[in-house]
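Visitor: Supplied structure: start-v6.tsv, TSV, C-alpha atoms.
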```
chain	number	residue	atom	x	y	z
A	1	MET	CA	78.90	115.43	124.80
A	2	GLN	CA	80.14	113.04	127.49
A	3	ARG	CA	77.72	110.52	128.97
A	4	LYS	CA	77.97	108.50	132.14
A	5	LYS	CA	79.83	105.31	131.38
A	6	ASP	CA	79.63	101.84	132.87
A	7	LYS	CA	83.38	101.47	132.80
A	8	GLY	CA	86.26	103.83	132.11
A	9	GLN	CA	88.56	103.57	129.12
A	10	LEU	CA	92.25	102.87	129.63
A	11	ILE	CA	94.36	105.10	127.36
A	12	VAL	CA	98.07	104.58	126.78
A	13	LEU	CA	100.05	107.52	125.43
A	14	SER	CA	103.62	107.10	124.24
A	15	GLY	CA	106.02	109.30	122.35
A	16	PRO	CA	109.68	110.21	122.26
A	17	SER	CA	111.31	112.42	124.85
A	18	GLY	CA	110.97	116.04	123.69
A	19	VAL	CA	107.83	115.57	121.58
A	20	GLY	CA	105.83	117.72	124.04
A	21	LYS	CA	103.73	115.00	125.67
A	22	SER	CA	103.54	116.73	129.07
A	23	THR	CA	102.17	119.93	127.53
A	24	VAL	CA	99.63	118.00	125.45
A	25	ILE	CA	98.52	116.01	128.50
A	26	ALA	CA	98.16	119.11	130.68
A	27	GLU	CA	96.01	120.77	128.03
A	28	LEU	CA	93.92	117.62	127.51
A	29	LEU	CA	93.25	117.28	131.25
A	30	SER	CA	92.21	120.93	131.50
A	31	GLN	CA	89.69	120.50	128.67
A	32	ARG	CA	88.22	117.07	129.30
A	33	LYS	CA	86.29	115.90	132.34
A	34	ASN	CA	86.05	112.40	133.71
A	35	ILE	CA	89.65	111.53	132.95
A	36	TYR	CA	92.34	110.64	135.46
A	37	PHE	CA	96.04	110.94	134.77
A	38	SER	CA	97.93	108.06	136.31
A	39	VAL	CA	101.06	109.44	137.92
A	40	SER	CA	103.92	107.01	137.30
A	41	TYR	CA	106.48	105.88	139.84
A	42	THR	CA	110.12	106.47	138.99
A	43	THR	CA	113.58	106.20	140.50
A	44	ARG	CA	114.99	109.04	138.41
A	45	GLN	CA	115.86	112.42	139.95
A	46	PRO	CA	113.22	115.18	139.64
A	47	ARG	CA	113.99	117.82	136.97
A	48	VAL	CA	113.78	121.49	137.90
A	49	GLY	CA	110.12	122.35	138.51
A	50	GLU	CA	108.90	118.75	138.78
A	51	GLN	CA	106.80	117.93	141.83
A	52	ASP	CA	106.51	114.64	143.70
A	53	GLY	CA	102.99	113.21	143.24
A	54	VAL	CA	102.25	115.51	140.30
A	55	ASN	CA	104.77	114.76	137.55
A	56	TYR	CA	105.91	111.48	139.07
A	57	ASN	CA	105.90	109.67	142.36
A	58	PHE	CA	109.63	109.76	143.08
A	59	VAL	CA	110.88	106.70	144.97
A	60	ASP	CA	114.28	105.08	145.54
A	61	ARG	CA	115.40	101.80	143.95
A	62	ALA	CA	114.77	99.76	147.10
A	63	GLU	CA	111.14	100.87	147.27
A	64	PHE	CA	110.62	100.33	143.53
A	65	GLU	CA	112.03	96.82	143.77
A	66	ARG	CA	109.72	96.11	146.71
A	67	MET	CA	106.73	97.12	144.51
A	68	ILE	CA	107.93	94.81	141.73
A	69	ALA	CA	108.26	91.91	144.17
A	70	ALA	CA	104.79	92.61	145.65
A	71	ASP	CA	103.22	92.65	142.13
A	72	GLU	CA	101.84	96.13	142.71
A	73	LEU	CA	102.67	97.35	139.18
A	74	LEU	CA	100.67	97.02	135.96
A	75	GLU	CA	103.92	97.51	134.08
A	76	TYR	CA	107.40	98.79	134.68
A	77	ALA	CA	110.51	99.29	132.63
A	78	GLU	CA	114.06	100.43	133.01
A	79	TYR	CA	115.07	103.35	130.80
A	80	VAL	CA	118.38	105.24	130.86
A	81	ASN	CA	119.25	103.40	134.13
A	82	ASN	CA	116.06	104.39	135.94
A	83	TYR	CA	112.86	102.50	136.71
A	84	TYR	CA	109.46	103.75	135.57
A	85	GLY	CA	106.22	101.98	136.55
A	86	THR	CA	102.45	102.17	136.91
A	87	SER	CA	100.42	101.29	140.00
A	88	LEU	CA	97.74	98.71	139.27
A	89	ARG	CA	95.19	99.31	142.05
A	90	VAL	CA	94.67	103.03	141.49
A	91	ILE	CA	93.91	102.43	137.82
A	92	GLN	CA	91.47	99.59	138.43
A	93	ASP	CA	89.52	101.66	140.97
A	94	ARG	CA	89.12	104.58	138.57
A	95	LEU	CA	88.06	102.40	135.63
A	96	GLU	CA	85.42	100.71	137.80
A	97	GLU	CA	84.06	104.16	138.72
A	98	GLY	CA	83.55	104.90	135.01
A	99	VAL	CA	86.50	107.29	134.84
A	100	ASP	CA	88.96	107.14	131.93
A	101	VAL	CA	92.58	106.60	132.92
A	102	LEU	CA	95.47	108.08	130.95
A	103	LEU	CA	98.92	106.47	131.15
A	104	ASP	CA	102.03	108.23	129.88
A	105	ILE	CA	104.43	105.33	129.34
A	106	GLU	CA	107.17	104.41	126.93
A	107	VAL	CA	107.07	101.63	124.39
A	108	GLN	CA	108.34	98.77	126.60
A	109	GLY	CA	105.68	99.50	129.23
A	110	ALA	CA	103.01	99.93	126.55
A	111	ALA	CA	103.82	96.47	125.19
A	112	LYS	CA	103.21	95.00	128.65
A	113	VAL	CA	99.87	96.84	129.00
A	114	ARG	CA	98.88	95.63	125.52
A	115	ALA	CA	99.37	92.05	126.66
A	116	ARG	CA	97.39	92.54	129.92
A	117	CYS	CA	94.67	94.99	128.75
A	118	PRO	CA	93.69	94.32	125.13
A	119	GLY	CA	90.76	96.77	125.38
A	120	ALA	CA	93.03	99.75	126.03
A	121	LEU	CA	93.54	102.51	123.44
A	122	PHE	CA	97.13	102.95	122.30
A	123	ILE	CA	98.14	106.38	121.02
A	124	PHE	CA	101.62	107.37	119.84
A	125	ILE	CA	102.58	111.05	119.55
A	126	ILE	CA	105.15	112.06	116.96
A	127	PRO	CA	106.73	115.40	116.12
A	128	PRO	CA	106.07	116.86	112.64
A	129	SER	CA	109.61	115.81	111.68
A	130	PHE	CA	112.77	114.30	113.13
A	131	GLU	CA	114.57	117.64	112.78
A	132	GLU	CA	111.85	119.35	114.81
A	133	LEU	CA	112.30	116.77	117.60
A	134	SER	CA	116.00	117.63	117.72
A	135	ARG	CA	115.17	121.36	117.85
A	136	ARG	CA	112.72	120.81	120.73
A	137	LEU	CA	115.24	118.80	122.74
A	138	HIS	CA	117.84	121.55	122.32
A	139	ARG	CA	115.33	124.28	123.16
A	140	ARG	CA	114.39	122.48	126.39
A	141	ASN	CA	117.93	123.23	127.55
A	142	THR	CA	118.03	120.57	130.27
A	143	ASP	CA	120.32	117.99	128.66
A	144	SER	CA	123.91	117.81	127.40
A	145	GLU	CA	124.62	117.13	123.71
A	146	ASP	CA	125.44	113.52	124.57
A	147	VAL	CA	122.14	113.00	126.37
A	148	ILE	CA	120.24	114.61	123.47
A	149	ALA	CA	122.02	112.34	120.99
A	150	GLY	CA	121.01	109.37	123.14
A	151	ARG	CA	117.38	110.55	123.24
A	152	LEU	CA	117.28	110.95	119.45
A	153	GLU	CA	118.75	107.49	118.96
A	154	LYS	CA	116.17	106.09	121.41
A	155	ALA	CA	113.42	107.91	119.48
A	156	ARG	CA	114.44	106.11	116.26
A	157	VAL	CA	114.07	102.78	118.07
A	158	GLU	CA	110.70	103.79	119.56
A	159	PHE	CA	109.31	104.83	116.15
A	160	LYS	CA	109.68	101.21	115.03
A	161	GLU	CA	106.99	100.30	117.59
A	162	ILE	CA	104.35	102.61	116.06
A	163	PRO	CA	102.67	99.82	114.03
A	164	ASN	CA	101.68	98.24	117.38
A	165	TYR	CA	99.68	101.36	118.32
A	166	ASP	CA	96.09	102.14	117.29
A	167	TYR	CA	96.48	105.85	116.65
A	168	LEU	CA	99.20	108.22	115.52
A	169	VAL	CA	98.88	111.85	116.62
A	170	ILE	CA	101.15	114.55	115.20
A	171	ASN	CA	102.16	117.23	117.69
A	172	ASP	CA	102.66	120.07	115.26
A	173	LYS	CA	100.61	122.50	117.35
A	174	VAL	CA	99.49	121.51	120.86
A	175	SER	CA	95.88	122.49	120.14
A	176	GLY	CA	95.81	120.23	117.07
A	177	ALA	CA	97.26	117.25	118.94
A	178	VAL	CA	94.79	117.75	121.81
A	179	ALA	CA	91.87	117.99	119.38
A	180	GLU	CA	92.92	114.72	117.74
A	181	ILE	CA	93.19	112.92	121.09
A	182	GLU	CA	89.80	114.28	122.14
A	183	ALA	CA	88.29	112.97	118.89
A	184	ILE	CA	89.89	109.56	119.49
A	185	LEU	CA	88.41	109.40	123.02
A	186	THR	CA	84.95	110.55	121.88
A	187	ALA	CA	84.98	108.02	119.04
A	188	ALA	CA	85.90	105.28	121.52
A	189	GLU	CA	82.85	106.22	123.62
A	190	CYS	CA	80.67	105.85	120.50
A	191	ARG	CA	81.87	102.32	119.77
A	192	VAL	CA	78.92	99.91	119.78
A	193	GLU	CA	80.53	97.70	122.44
A	194	ASN	CA	80.86	100.73	124.76
A	195	ARG	CA	77.18	101.66	124.42
A	196	GLU	CA	75.58	98.34	125.19
A	197	SER	CA	73.69	99.77	128.14
A	198	ILE	CA	71.98	102.24	125.78
A	199	LEU	CA	71.10	99.44	123.38
A	200	THR	CA	69.23	97.41	125.98
A	201	GLN	CA	66.33	99.87	125.99
A	202	PHE	CA	65.73	99.17	122.28
A	203	ALA	CA	65.86	95.38	122.57
B	204	MET	CA	92.82	119.67	111.43
B	205	GLN	CA	92.30	117.79	108.17
B	206	ARG	CA	95.35	116.70	106.19
B	207	LYS	CA	95.63	115.60	102.59
B	208	LYS	CA	94.97	111.91	102.42
B	209	ASP	CA	96.24	109.20	100.10
B	210	LYS	CA	92.82	107.61	99.92
B	211	GLY	CA	89.36	108.62	101.08
B	212	GLN	CA	87.40	106.85	103.81
B	213	LEU	CA	84.12	105.13	102.95
B	214	ILE	CA	81.51	105.85	105.63
B	215	VAL	CA	78.21	103.99	105.88
B	216	LEU	CA	75.44	105.65	107.87
B	217	SER	CA	72.26	103.78	108.75
B	218	GLY	CA	69.36	104.50	111.03
B	219	PRO	CA	65.61	104.07	111.20
B	220	SER	CA	63.23	106.23	109.21
B	221	GLY	CA	62.41	109.30	111.30
B	222	VAL	CA	65.62	109.38	113.34
B	223	GLY	CA	66.67	112.61	111.63
B	224	LYS	CA	69.47	111.30	109.45
B	225	SER	CA	68.93	113.80	106.63
B	226	THR	CA	69.25	116.75	109.02
B	227	VAL	CA	72.36	115.30	110.62
B	228	ILE	CA	73.94	114.65	107.21
B	229	ALA	CA	73.14	118.17	105.93
B	230	GLU	CA	74.75	119.70	109.02
B	231	LEU	CA	77.78	117.40	108.80
B	232	LEU	CA	78.34	118.28	105.13
B	233	SER	CA	78.10	122.00	105.89
B	234	GLN	CA	80.76	121.69	108.62
B	235	ARG	CA	83.25	119.24	107.17
B	236	LYS	CA	85.32	119.61	104.02
B	237	ASN	CA	86.64	116.88	101.80
B	238	ILE	CA	83.56	114.69	102.13
B	239	TYR	CA	81.21	113.66	99.36
B	240	PHE	CA	77.65	112.52	99.95
B	241	SER	CA	76.75	109.70	97.62
B	242	VAL	CA	73.26	110.34	96.28
B	243	SER	CA	71.38	107.04	96.13
B	244	TYR	CA	69.24	105.84	93.27
B	245	THR	CA	65.63	104.95	94.07
B	246	THR	CA	62.43	103.97	92.39
B	247	ARG	CA	60.24	105.53	95.10
B	248	GLN	CA	58.24	108.69	94.47
B	249	PRO	CA	59.82	111.99	95.61
B	250	ARG	CA	58.35	113.44	98.83
B	251	VAL	CA	57.30	117.06	98.92
B	252	GLY	CA	60.44	119.21	98.70
B	253	GLU	CA	62.75	116.43	97.56
B	254	GLN	CA	64.86	117.17	94.49
B	255	ASP	CA	66.15	114.78	91.85
B	256	GLY	CA	69.95	114.52	92.06
B	257	VAL	CA	70.03	116.09	95.52
B	258	ASN	CA	68.05	113.85	97.87
B	259	TYR	CA	67.98	110.90	95.50
B	260	ASN	CA	68.42	110.12	91.84
B	261	PHE	CA	64.83	109.16	91.04
B	262	VAL	CA	64.57	106.47	88.35
B	263	ASP	CA	61.87	104.03	87.23
B	264	ARG	CA	61.96	100.28	87.86
B	265	ALA	CA	63.07	99.46	84.30
B	266	GLU	CA	66.14	101.72	84.59
B	267	PHE	CA	66.97	100.41	88.08
B	268	GLU	CA	66.78	96.82	86.87
B	269	ARG	CA	69.06	97.71	83.95
B	270	MET	CA	71.64	99.05	86.45
B	271	ILE	CA	71.41	95.82	88.46
B	272	ALA	CA	71.94	93.73	85.34
B	273	ALA	CA	74.93	95.89	84.23
B	274	ASP	CA	76.56	95.51	87.70
B	275	GLU	CA	76.68	99.29	88.13
B	276	LEU	CA	75.66	99.19	91.81
B	277	LEU	CA	77.82	98.71	94.92
B	278	GLU	CA	74.69	97.59	96.73
B	279	TYR	CA	70.94	97.74	96.32
B	280	ALA	CA	67.95	96.64	98.31
B	281	GLU	CA	64.21	96.59	98.09
B	282	TYR	CA	62.41	98.33	100.95
B	283	VAL	CA	58.66	99.00	101.24
B	284	ASN	CA	58.30	97.88	97.57
B	285	ASN	CA	60.90	100.29	96.22
B	286	TYR	CA	64.48	99.83	95.12
B	287	TYR	CA	67.34	101.80	96.69
B	288	GLY	CA	70.92	101.51	95.42
B	289	THR	CA	74.40	103.05	95.29
B	290	SER	CA	76.47	103.72	92.17
B	291	LEU	CA	79.88	102.08	92.32
B	292	ARG	CA	81.95	104.18	89.91
B	293	VAL	CA	81.26	107.60	91.44
B	294	ILE	CA	82.35	106.31	94.87
B	295	GLN	CA	85.55	104.71	93.63
B	296	ASP	CA	86.58	107.90	91.82
B	297	ARG	CA	86.12	110.04	94.93
B	298	LEU	CA	87.98	107.65	97.24
B	299	GLU	CA	90.92	107.55	94.82
B	300	GLU	CA	91.01	111.37	94.88
B	301	GLY	CA	91.41	111.24	98.70
B	302	VAL	CA	87.85	112.40	99.35
B	303	ASP	CA	85.73	110.68	102.01
B	304	VAL	CA	82.44	109.25	100.75
B	305	LEU	CA	79.31	109.11	102.90
B	306	LEU	CA	76.59	106.57	102.13
B	307	ASP	CA	73.13	106.81	103.67
B	308	ILE	CA	71.86	103.25	103.32
B	309	GLU	CA	69.69	100.88	105.27
B	310	VAL	CA	70.81	97.71	107.01
B	311	GLN	CA	70.46	95.29	104.07
B	312	GLY	CA	72.59	97.51	101.85
B	313	ALA	CA	75.09	98.09	104.65
B	314	ALA	CA	75.56	94.32	105.03
B	315	LYS	CA	76.46	94.11	101.33
B	316	VAL	CA	78.97	96.97	101.62
B	317	ARG	CA	80.48	95.30	104.70
B	318	ALA	CA	81.13	92.18	102.65
B	319	ARG	CA	82.69	94.12	99.73
B	320	CYS	CA	84.50	96.94	101.61
B	321	PRO	CA	85.80	95.71	104.98
B	322	GLY	CA	87.74	98.97	105.52
B	323	ALA	CA	84.58	101.09	105.56
B	324	LEU	CA	83.32	102.75	108.77
B	325	PHE	CA	79.84	101.66	109.82
B	326	ILE	CA	77.81	104.10	111.91
B	327	PHE	CA	74.25	103.54	113.16
B	328	ILE	CA	72.16	106.48	114.35
B	329	ILE	CA	69.52	105.87	117.00
B	330	PRO	CA	66.96	108.16	118.62
B	331	PRO	CA	67.25	108.79	122.38
B	332	SER	CA	64.30	106.42	122.87
B	333	PHE	CA	61.78	104.38	120.93
B	334	GLU	CA	58.99	106.72	122.05
B	335	GLU	CA	60.90	109.69	120.66
B	336	LEU	CA	61.20	107.94	117.29
B	337	SER	CA	57.42	107.53	117.22
B	338	ARG	CA	56.95	111.22	118.10
B	339	ARG	CA	59.32	112.28	115.30
B	340	LEU	CA	57.54	110.15	112.72
B	341	HIS	CA	54.18	111.67	113.72
B	342	ARG	CA	55.61	115.19	113.73
B	343	ARG	CA	56.96	114.73	110.18
B	344	ASN	CA	53.34	114.51	109.12
B	345	THR	CA	54.00	112.78	105.81
B	346	ASP	CA	52.77	109.28	106.58
B	347	SER	CA	49.49	107.59	107.56
B	348	GLU	CA	49.19	105.76	110.90
B	349	ASP	CA	49.58	102.45	109.08
B	350	VAL	CA	52.79	103.55	107.39
B	351	ILE	CA	54.15	104.88	110.70
B	352	ALA	CA	53.34	101.58	112.42
B	353	GLY	CA	55.19	99.79	109.61
B	354	ARG	CA	58.22	102.08	109.99
B	355	LEU	CA	58.35	101.49	113.76
B	356	GLU	CA	58.14	97.75	113.26
B	357	LYS	CA	60.90	97.97	110.64
B	358	ALA	CA	62.99	100.03	113.11
B	359	ARG	CA	62.77	97.22	115.68
B	360	VAL	CA	64.13	94.79	113.09
B	361	GLU	CA	66.91	97.22	112.08
B	362	PHE	CA	68.02	97.73	115.70
B	363	LYS	CA	68.92	94.03	115.82
B	364	GLU	CA	71.65	94.75	113.23
B	365	ILE	CA	73.44	97.32	115.41
B	366	PRO	CA	76.04	94.83	116.72
B	367	ASN	CA	77.34	94.59	113.13
B	368	TYR	CA	78.15	98.33	113.12
B	369	ASP	CA	81.33	99.95	114.48
B	370	TYR	CA	79.75	103.03	116.05
B	371	LEU	CA	76.45	103.98	117.64
B	372	VAL	CA	75.51	107.67	117.54
B	373	ILE	CA	72.56	109.00	119.52
B	374	ASN	CA	70.60	111.74	117.76
B	375	ASP	CA	69.29	113.51	120.83
B	376	LYS	CA	70.31	116.94	119.56
B	377	VAL	CA	71.53	117.33	115.97
B	378	SER	CA	74.64	119.23	117.08
B	379	GLY	CA	75.61	116.39	119.46
B	380	ALA	CA	75.14	113.71	116.81
B	381	VAL	CA	77.17	115.71	114.28
B	382	ALA	CA	79.96	116.28	116.82
B	383	GLU	CA	80.12	112.54	117.50
B	384	ILE	CA	80.31	111.69	113.79
B	385	GLU	CA	83.00	114.33	113.28
B	386	ALA	CA	85.01	112.77	116.13
B	387	ILE	CA	84.61	109.32	114.60
B	388	LEU	CA	85.89	110.57	111.22
B	389	THR	CA	88.82	112.48	112.77
B	390	ALA	CA	89.77	109.43	114.85
B	391	ALA	CA	89.70	107.29	111.70
B	392	GLU	CA	92.16	109.69	110.05
B	393	CYS	CA	94.48	109.26	113.06
B	394	ARG	CA	94.56	105.48	112.78
B	395	VAL	CA	98.15	104.28	112.28
B	396	GLU	CA	97.25	102.44	109.06
B	397	ASN	CA	95.82	105.68	107.60
B	398	ARG	CA	98.99	107.65	108.36
B	399	GLU	CA	101.56	105.36	106.81
B	400	SER	CA	102.73	108.07	104.42
B	401	ILE	CA	103.64	110.26	107.43
B	402	LEU	CA	105.50	107.37	109.04
B	403	THR	CA	107.81	106.84	106.08
B	404	GLN	CA	109.74	110.04	106.86
B	405	PHE	CA	110.70	108.62	110.28
B	406	ALA	CA	111.85	105.22	108.98
```
Write out the structure in this file as structure tokens.
Guide:
Amino acid sequence: MQRKKDKGQLIVLSGPSGVGKSTVIAELLSQRKNIYFSVSYTTRQPRVGEQDGVNYNFVDRAEFERMIAADELLEYAEYVNNYYGTSLRVIQDRLEEGVDVLLDIEVQGAAKVRARCPGALFIFIIPPSFEELSRRLHRRNTDSEDVIAGRLEKARVEFKEIPNYDYLVINDKVSGAVAEIEAILTAAECRVENRESILTQFA
Amino acid sequence: MQRKKDKGQLIVLSGPSGVGKSTVIAELLSQRKNIYFSVSYTTRQPRVGEQDGVNYNFVDRAEFERMIAADELLEYAEYVNNYYGTSLRVIQDRLEEGVDVLLDIEVQGAAKVRARCPGALFIFIIPPSFEELSRRLHRRNTDSEDVIAGRLEKARVEFKEIPNYDYLVINDKVSGAVAEIEAILTAAECRVENRESILTQFA
């Protein structure tokens, strides 16, 4: 059961390229109410099927650098020669309305959010094995062997950051990963510090 | 999904008399595998329908005081002139086997477990309102008005301990309370520090 909340929960989701994050997020958003997916800004080119304003807000480098200079970003990072970043104002508005906000960001960006928002929930998604990650990247069929090798090497570096996260979710089956994230969000709602308004009537 | 664990999770459940804890626990145990309910020892008289070894291990004061002297108890407390306590050895064995252990203990006992087992999960169950707690105690029809008044007064004192708990679960409907506890336990399994054995294969 979801109750009206005083303030939304900020949720940071990270995981290596190819782990299936987008599918997990789409399924989570279809099942859970009162959660807003923060669409990141990026300077990278859209992949086939990606839509501006849905998968990412696609902007050029000049515009991205203007946002950095104007301090409009909660975090940003450069990754494979492209910028990725998160708009601060949109997130703050949603949290104030009592809506949870989900960020899909990589480990550098997550580290910046951790420093600025200690109350956020940090979730890392891993594949069931390293070999399975390689299989998924090949199956996706969008990248050359060189790019895949680069993504796998990057994944090894990202895995070293897992101890800085609160939760580790294994994307073996999408339904299992979604169920675990739902449990993590429900448990967060049950934390004593998030139910203080309920407590006041017993004081 | 529940995975094989290296070590079980100790779960402490508290809540005022009449909140419906026994019903919630029975439903939780019927739905969730790999969880062991620790049957407390008590010197109080069995209520109608209560069975020795199921609801409590009923012992006399002499035996209880022997257990205290022999240091066989994880915690014990005196409440309405009766002793209540938890056997240490049974719990340790289950946790080592990777089985979660659920303790139903009141706030004094919980404080002792908190001091000895900082990794335990502490959950407090509240009724939707104080008035509803009073209604439930009257509906139970086992206690005199004086005893009910004493239980309500005791509940007010217990509520002050809630900030020392990790989670607050509202027993409005049993199914909702059970779902929240299940989410809390699943989330605990997903904590990075509880999945270190999975992490090793990515190192």
Visitor: When distances are computed from only C-alpha atoms, which of A:Arg114, A:Arg61, A:Lys154, A:Arg32 shows the smallest separation from Ser17 (chain A)?
Guide: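 Closest candidate: A:Lys154.
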Visitor: Under the rule that only C-alpha atoms are counted, which of B:Ser217, B:Asn397, B:Gln404, B:Asn260 is the nearest residue to Leu306 (chain B)?
Guide: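 Going through B:Ser217, B:Asn397, B:Gln404, B:Asn260 one by one, the smallest distance to Leu306 (chain B) is for B:Ser217.
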Visitor: Tell me, in Å to one decimal, how far CA of Phe37 (chain A) is from CA of Thr389 (chain B).
Guide: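 These atoms are spaced 23.2 Å apart.
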Visitor: For region 84-88 of chain A, work out the shell of residues within 12 Å, counting all atoms listed in the file and skipping chain neighbours fewer than 6 positions away, then give it as a VMD selection string.
Guide: chain A and resid 10 12 37 to 45 56 to 61 63 to 65 67 to 68 70 to 78 94 to 95 101 to 110 112 to 113 116 to 117
Visitor: Using only C-alpha atoms, which residue out of B:Gln234, B:Ser332, B:Gln295, B:Ser400 lies closest to chain A?
Guide: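 Once distances to chain A are computed over only C-alpha atoms, the minimum belongs to B:Ser332.
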Visitor: Can you pull out every residue within 10 Å of region 130-140 of chain A, counting all atoms listed in the file, but drop anything in the same chain fewer than 6 positions away, and send it as a PyMOL selection string?
Guide: (chain A and resi 16-20+147-149+151-152+155-156+172) or (chain B and resi 404-405)
Visitor: Centre and edge lengths, as AutoDock Vina command-line options, for the axis-aligned box enclosing every listed atom of region 264-267 of chain B with 5 Å of padding on each of the six sides, in Å to one decimal?
Guide:
```
--center_x 64.5 --center_y 100.6 --center_z 86.2 --size_x 15.0 --size_y 12.3 --size_z 13.8
```
Visitor: Between A:Gly15, A:Pro128, A:Gly98, A:Pro118, single out the one closest to Lys173 (chain A), counting only C-alpha atoms.
Guide: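 The answer is A:Pro128, which sits nearest to Lys173 (chain A).
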Visitor: What gap, in Å, lies between CA of Asn55 (chain A) and CA of Lys33 (chain A)?
Guide: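 Separation between CA of Asn55 (chain A) and CA of Lys33 (chain A): 19.2 Å.
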Visitor: Produce a table with one row for each residue of chain A that has an atom at most 6 Å from any atom of chain B, each row naming the nearest atom pair and its distance in Å at one decimal; use all atoms listed in the file; arrange rows by chain and rising residue number; format as JSON lines.
Guide:
```
{"residue": "A:Asp166", "atom": "CA", "partner": "B:Arg394", "partner_atom": "CA", "distance": 5.8}
{"residue": "A:Tyr167", "atom": "CA", "partner": "B:Arg394", "partner_atom": "CA", "distance": 4.3}
{"residue": "A:Leu168", "atom": "CA", "partner": "B:Val395", "partner_atom": "CA", "distance": 5.2}
{"residue": "A:Ala183", "atom": "CA", "partner": "B:Ala386", "partner_atom": "CA", "distance": 4.3}
{"residue": "A:Ile184", "atom": "CA", "partner": "B:Ala390", "partner_atom": "CA", "distance": 4.6}
{"residue": "A:Ala187", "atom": "CA", "partner": "B:Ile387", "partner_atom": "CA", "distance": 4.6}
{"residue": "A:Cys190", "atom": "CA", "partner": "B:Tyr370", "partner_atom": "CA", "distance": 5.3}
{"residue": "A:Arg191", "atom": "CA", "partner": "B:Tyr370", "partner_atom": "CA", "distance": 4.3}
{"residue": "A:Val192", "atom": "CA", "partner": "B:Tyr370", "partner_atom": "CA", "distance": 4.9}
```
Visitor: CA of Val99 (chain A) to CA of Ile35 (chain A): how many Å, to one decimal?
Guide: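 Computing the Euclidean distance for CA of Val99 (chain A) and CA of Ile35 (chain A) yields 5.6 Å.
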Visitor: Using only C-alpha atoms, which of the listed residues (B:Glu364, B:Glu356, B:Glu348, B:Asp303) sits closest to Asp209 (chain B)?
Guide: B:Asp303
